[in-house]
Amino acid sequence: QVRLKPGYRLEWGGQFQYLERAKARLRIVVPVTIFLIFVLLYMNFRSVTRSLIVLLSVPFGVIGAIVYLYLLNYHLSVAVWVGIIALAGVAAETGVIMIIFLDEAYERWEREGRLHSMADLHLAIIEGAVQRVRPKVMTASAILIGLLPIMWSHGSGADVMKRIAAPMIGGMLSSTLLTLVVIPVLYALWRGRSLPAEAHVEAGAEKRLVPLEKP
């Protein structure tokens, strides 16, 4: 409702102005970052499916980042976007660890000739996932322990560092949950497709002989 004189206009300044300039760059940086992560994963695994499963860690990590930013009442800024981009690489790291352990258990069971049914596949995945919880949790804990002290820091630059670290802290919590719960399920669905059709019998199901009716 402000009446402006001819030749004058209103525009937002400060952090909003910086964010608007950063948006133009982020439209290029974010896709390039995700593409580079995929390329590095593919070079390591030589498998598109494994790479895509690991990439699921990125959106799950962003969920935790958004929730933590909301709890801290942090607004979107250039520093927050830097933290989210850094989170993408760190979240993929935890997914890589899980896939490596699952592949190791699966290949060992296959080499020993113990993979005959979905029940055997589930046992192999349990060995690769559940029994290897400690190293995966240690990896996530080391990252969190390294970042949490930033949230209690004060002084010059502390506000910027907090907004970079906050999305990484929240994202690590949700991506770790994905690594421990969702990735083993997706891995079982993927590996289960390579089993013979008769192997897809639910665990615990029994075959029964049904007598024919008399003519």
# chains A, B, ... in the order shown; residues from 1 in each chain; ligands from 1
call {"tool": "residues_around", "arguments": {"residues": "range 171-173 of chain A", "least_positions_apart": "3", "cutoff": "7 Å", "atoms": "only C-alpha atoms", "output": "JSON list (two decimals) with all heavy atoms, in the first residue's frame"}}
result
[["chain", "number", "residue", "atom", "x", "y", "z"],
["A", 61, "GLY", "N", 17.68, -38.85, 3.82],
["A", 61, "GLY", "CA", 18.49, -37.94, 4.60],
["A", 61, "GLY", "C", 17.91, -36.53, 4.61],
["A", 61, "GLY", "O", 17.94, -35.85, 5.64],
["A", 62, "VAL", "N", 17.36, -36.10, 3.48],
["A", 62, "VAL", "CA", 16.76, -34.76, 3.41],
["A", 62, "VAL", "C", 15.55, -34.66, 4.33],
["A", 62, "VAL", "O", 15.29, -33.60, 4.91],
["A", 62, "VAL", "CB", 16.38, -34.44, 1.95],
["A", 62, "VAL", "CG1", 15.60, -33.13, 1.87],
["A", 62, "VAL", "CG2", 17.64, -34.34, 1.09],
["A", 63, "ILE", "N", 14.80, -35.76, 4.49],
["A", 63, "ILE", "CA", 13.65, -35.75, 5.40],
["A", 63, "ILE", "C", 14.09, -35.40, 6.82],
["A", 63, "ILE", "O", 13.52, -34.54, 7.48],
["A", 63, "ILE", "CB", 12.93, -37.11, 5.37],
["A", 63, "ILE", "CG1", 12.25, -37.32, 4.01],
["A", 63, "ILE", "CG2", 11.89, -37.20, 6.50],
["A", 63, "ILE", "CD1", 11.66, -38.70, 3.84],
["A", 64, "GLY", "N", 15.13, -36.08, 7.30],
["A", 64, "GLY", "CA", 15.63, -35.78, 8.64],
["A", 64, "GLY", "C", 16.19, -34.38, 8.75],
["A", 64, "GLY", "O", 16.04, -33.72, 9.79],
["A", 65, "ALA", "N", 16.82, -33.90, 7.67],
["A", 65, "ALA", "CA", 17.36, -32.54, 7.69],
["A", 65, "ALA", "C", 16.26, -31.51, 7.83],
["A", 65, "ALA", "O", 16.37, -30.56, 8.60],
["A", 65, "ALA", "CB", 18.16, -32.29, 6.41],
["A", 87, "LEU", "N", 25.29, -33.26, 2.88],
["A", 87, "LEU", "CA", 24.57, -34.41, 3.42],
["A", 87, "LEU", "C", 24.40, -35.49, 2.37],
["A", 87, "LEU", "O", 24.42, -36.69, 2.70],
["A", 87, "LEU", "CB", 23.20, -33.95, 3.94],
["A", 87, "LEU", "CG", 22.20, -35.05, 4.31],
["A", 87, "LEU", "CD1", 22.70, -35.86, 5.49],
["A", 87, "LEU", "CD2", 20.83, -34.45, 4.62],
["A", 91, "ALA", "N", 25.28, -39.22, 3.38],
["A", 91, "ALA", "CA", 24.19, -40.20, 3.47],
["A", 91, "ALA", "C", 24.46, -41.38, 2.55],
["A", 91, "ALA", "O", 24.18, -42.54, 2.90],
["A", 91, "ALA", "CB", 22.86, -39.54, 3.11],
["A", 140, "ALA", "N", 28.00, -43.88, 11.63],
["A", 140, "ALA", "CA", 27.07, -42.75, 11.80],
["A", 140, "ALA", "C", 27.39, -41.97, 13.07],
["A", 140, "ALA", "O", 27.32, -40.74, 13.09],
["A", 140, "ALA", "CB", 25.64, -43.27, 11.83],
["A", 167, "PRO", "N", 21.52, -29.57, 8.95],
["A", 167, "PRO", "CA", 20.95, -30.55, 8.03],
["A", 167, "PRO", "C", 21.72, -31.85, 7.99],
["A", 167, "PRO", "O", 21.12, -32.93, 7.78],
["A", 167, "PRO", "CB", 20.97, -29.83, 6.67],
["A", 167, "PRO", "CG", 21.82, -28.64, 6.82],
["A", 167, "PRO", "CD", 21.89, -28.31, 8.27],
["A", 168, "MET", "N", 23.03, -31.80, 8.20],
["A", 168, "MET", "CA", 23.82, -33.03, 8.19],
["A", 168, "MET", "C", 23.51, -33.89, 9.41],
["A", 168, "MET", "O", 23.44, -35.12, 9.31],
["A", 168, "MET", "CB", 25.31, -32.68, 8.14],
["A", 168, "MET", "CG", 25.71, -31.92, 6.88],
["A", 168, "MET", "SD", 27.47, -31.52, 6.83],
["A", 168, "MET", "CE", 28.17, -33.16, 6.65],
["A", 176, "THR", "N", 20.43, -43.17, 8.50],
["A", 176, "THR", "CA", 20.86, -44.37, 9.22],
["A", 176, "THR", "C", 19.69, -45.32, 9.42],
["A", 176, "THR", "O", 19.82, -46.54, 9.29],
["A", 176, "THR", "CB", 21.48, -44.00, 10.57],
["A", 176, "THR", "OG1", 22.59, -43.12, 10.36],
["A", 176, "THR", "CG2", 21.94, -45.24, 11.31],
["A", 177, "LEU", "N", 18.52, -44.75, 9.75],
["A", 177, "LEU", "CA", 17.31, -45.58, 9.89],
["A", 177, "LEU", "C", 16.99, -46.27, 8.57],
["A", 177, "LEU", "O", 16.63, -47.45, 8.53],
["A", 177, "LEU", "CB", 16.14, -44.72, 10.36],
["A", 177, "LEU", "CG", 14.82, -45.44, 10.62],
["A", 177, "LEU", "CD1", 14.98, -46.45, 11.75],
["A", 177, "LEU", "CD2", 13.71, -44.45, 10.95]]
call {"tool": "residues_around", "arguments": {"residues": "Val181 in chain A", "least_positions_apart": "4", "cutoff": "12 Å", "atoms": "only C-alpha atoms", "output": "compact mmCIF listing (two decimals) with N, CA, C and O atoms, in the first residue's frame"}}
result
# COMPACT_ATOMS: atom_id res chain seq x y z
N SER A 57 19.29 -43.19 -0.04
CA SER A 57 19.72 -42.57 1.21
C SER A 57 19.61 -41.05 1.15
O SER A 57 19.45 -40.40 2.19
N PHE A 60 15.93 -39.75 1.90
CA PHE A 60 15.63 -40.04 3.30
C PHE A 60 16.45 -39.16 4.22
O PHE A 60 15.98 -38.75 5.27
N GLY A 95 24.84 -45.87 3.09
CA GLY A 95 24.20 -46.86 2.22
C GLY A 95 25.21 -47.78 1.56
O GLY A 95 24.95 -48.98 1.39
N MET A 98 26.25 -50.58 3.94
CA MET A 98 25.25 -51.64 4.06
C MET A 98 25.27 -52.55 2.84
O MET A 98 25.24 -53.79 2.96
N ILE A 125 20.65 -62.26 4.46
CA ILE A 125 20.52 -60.81 4.66
C ILE A 125 20.59 -60.46 6.14
O ILE A 125 21.18 -59.45 6.52
N ILE A 126 20.00 -61.32 6.98
CA ILE A 126 20.11 -61.09 8.42
C ILE A 126 21.56 -61.14 8.87
O ILE A 126 22.02 -60.31 9.66
N ALA A 129 23.18 -57.89 7.55
CA ALA A 129 22.64 -56.61 8.05
C ALA A 129 22.58 -56.56 9.57
O ALA A 129 23.23 -55.73 10.20
N VAL A 130 21.82 -57.47 10.16
CA VAL A 130 21.58 -57.41 11.60
C VAL A 130 22.86 -57.66 12.39
O VAL A 130 23.14 -56.99 13.38
N VAL A 133 25.41 -54.55 12.63
CA VAL A 133 24.87 -53.25 13.04
C VAL A 133 25.94 -52.37 13.66
O VAL A 133 25.99 -51.16 13.42
N SER A 174 18.03 -39.90 9.99
CA SER A 174 17.02 -40.54 9.15
C SER A 174 17.66 -41.47 8.12
O SER A 174 17.12 -42.53 7.82
N SER A 175 18.82 -41.10 7.58
CA SER A 175 19.46 -41.97 6.59
C SER A 175 19.99 -43.25 7.24
O SER A 175 20.01 -44.31 6.61
N THR A 176 20.43 -43.17 8.50
CA THR A 176 20.86 -44.37 9.22
C THR A 176 19.69 -45.32 9.42
O THR A 176 19.82 -46.54 9.29
N LEU A 177 18.52 -44.75 9.75
CA LEU A 177 17.31 -45.58 9.89
C LEU A 177 16.99 -46.27 8.57
O LEU A 177 16.63 -47.45 8.53
N VAL A 185 15.41 -54.62 2.96
CA VAL A 185 14.16 -55.07 2.34
C VAL A 185 14.25 -54.95 0.82
O VAL A 185 13.89 -55.89 0.08
N LEU A 186 14.73 -53.82 0.33
CA LEU A 186 14.88 -53.64 -1.12
C LEU A 186 15.89 -54.62 -1.69
O LEU A 186 15.72 -55.14 -2.80
N TYR A 187 16.94 -54.88 -0.94
CA TYR A 187 17.95 -55.85 -1.39
C TYR A 187 17.35 -57.24 -1.51
O TYR A 187 17.65 -57.98 -2.46
N ALA A 188 16.49 -57.62 -0.55
CA ALA A 188 15.85 -58.93 -0.60
C ALA A 188 14.92 -59.04 -1.81
O ALA A 188 14.88 -60.08 -2.48
call {"tool": "select_by_dssp", "arguments": {"residues": "range 98-173 of chain A", "states": "alpha helix (DSSP H)", "output": "VMD selection string"}}
result
chain A and resid 98 to 111 118 to 129 133 to 147 158 to 173
call {"tool": "closest_residue", "arguments": {"among": "A:Arg191, A:Ala158, A:Tyr68, A:Ile164", "to": "Ala124 in chain A", "atoms": "only C-alpha atoms"}}
result
A:Arg191
call {"tool": "closest_residue", "arguments": {"among": "A:Val82, A:Val137, A:Leu189, A:Ala105", "to": "Ala165 in chain A", "atoms": "only C-alpha atoms"}}
result
A:Val82
call {"tool": "closest_residue", "arguments": {"among": "A:Arg25, A:Arg163, A:Gln131, A:Ile100", "to": "His75 in chain A", "atoms": "only C-alpha atoms"}}
result
A:Arg163
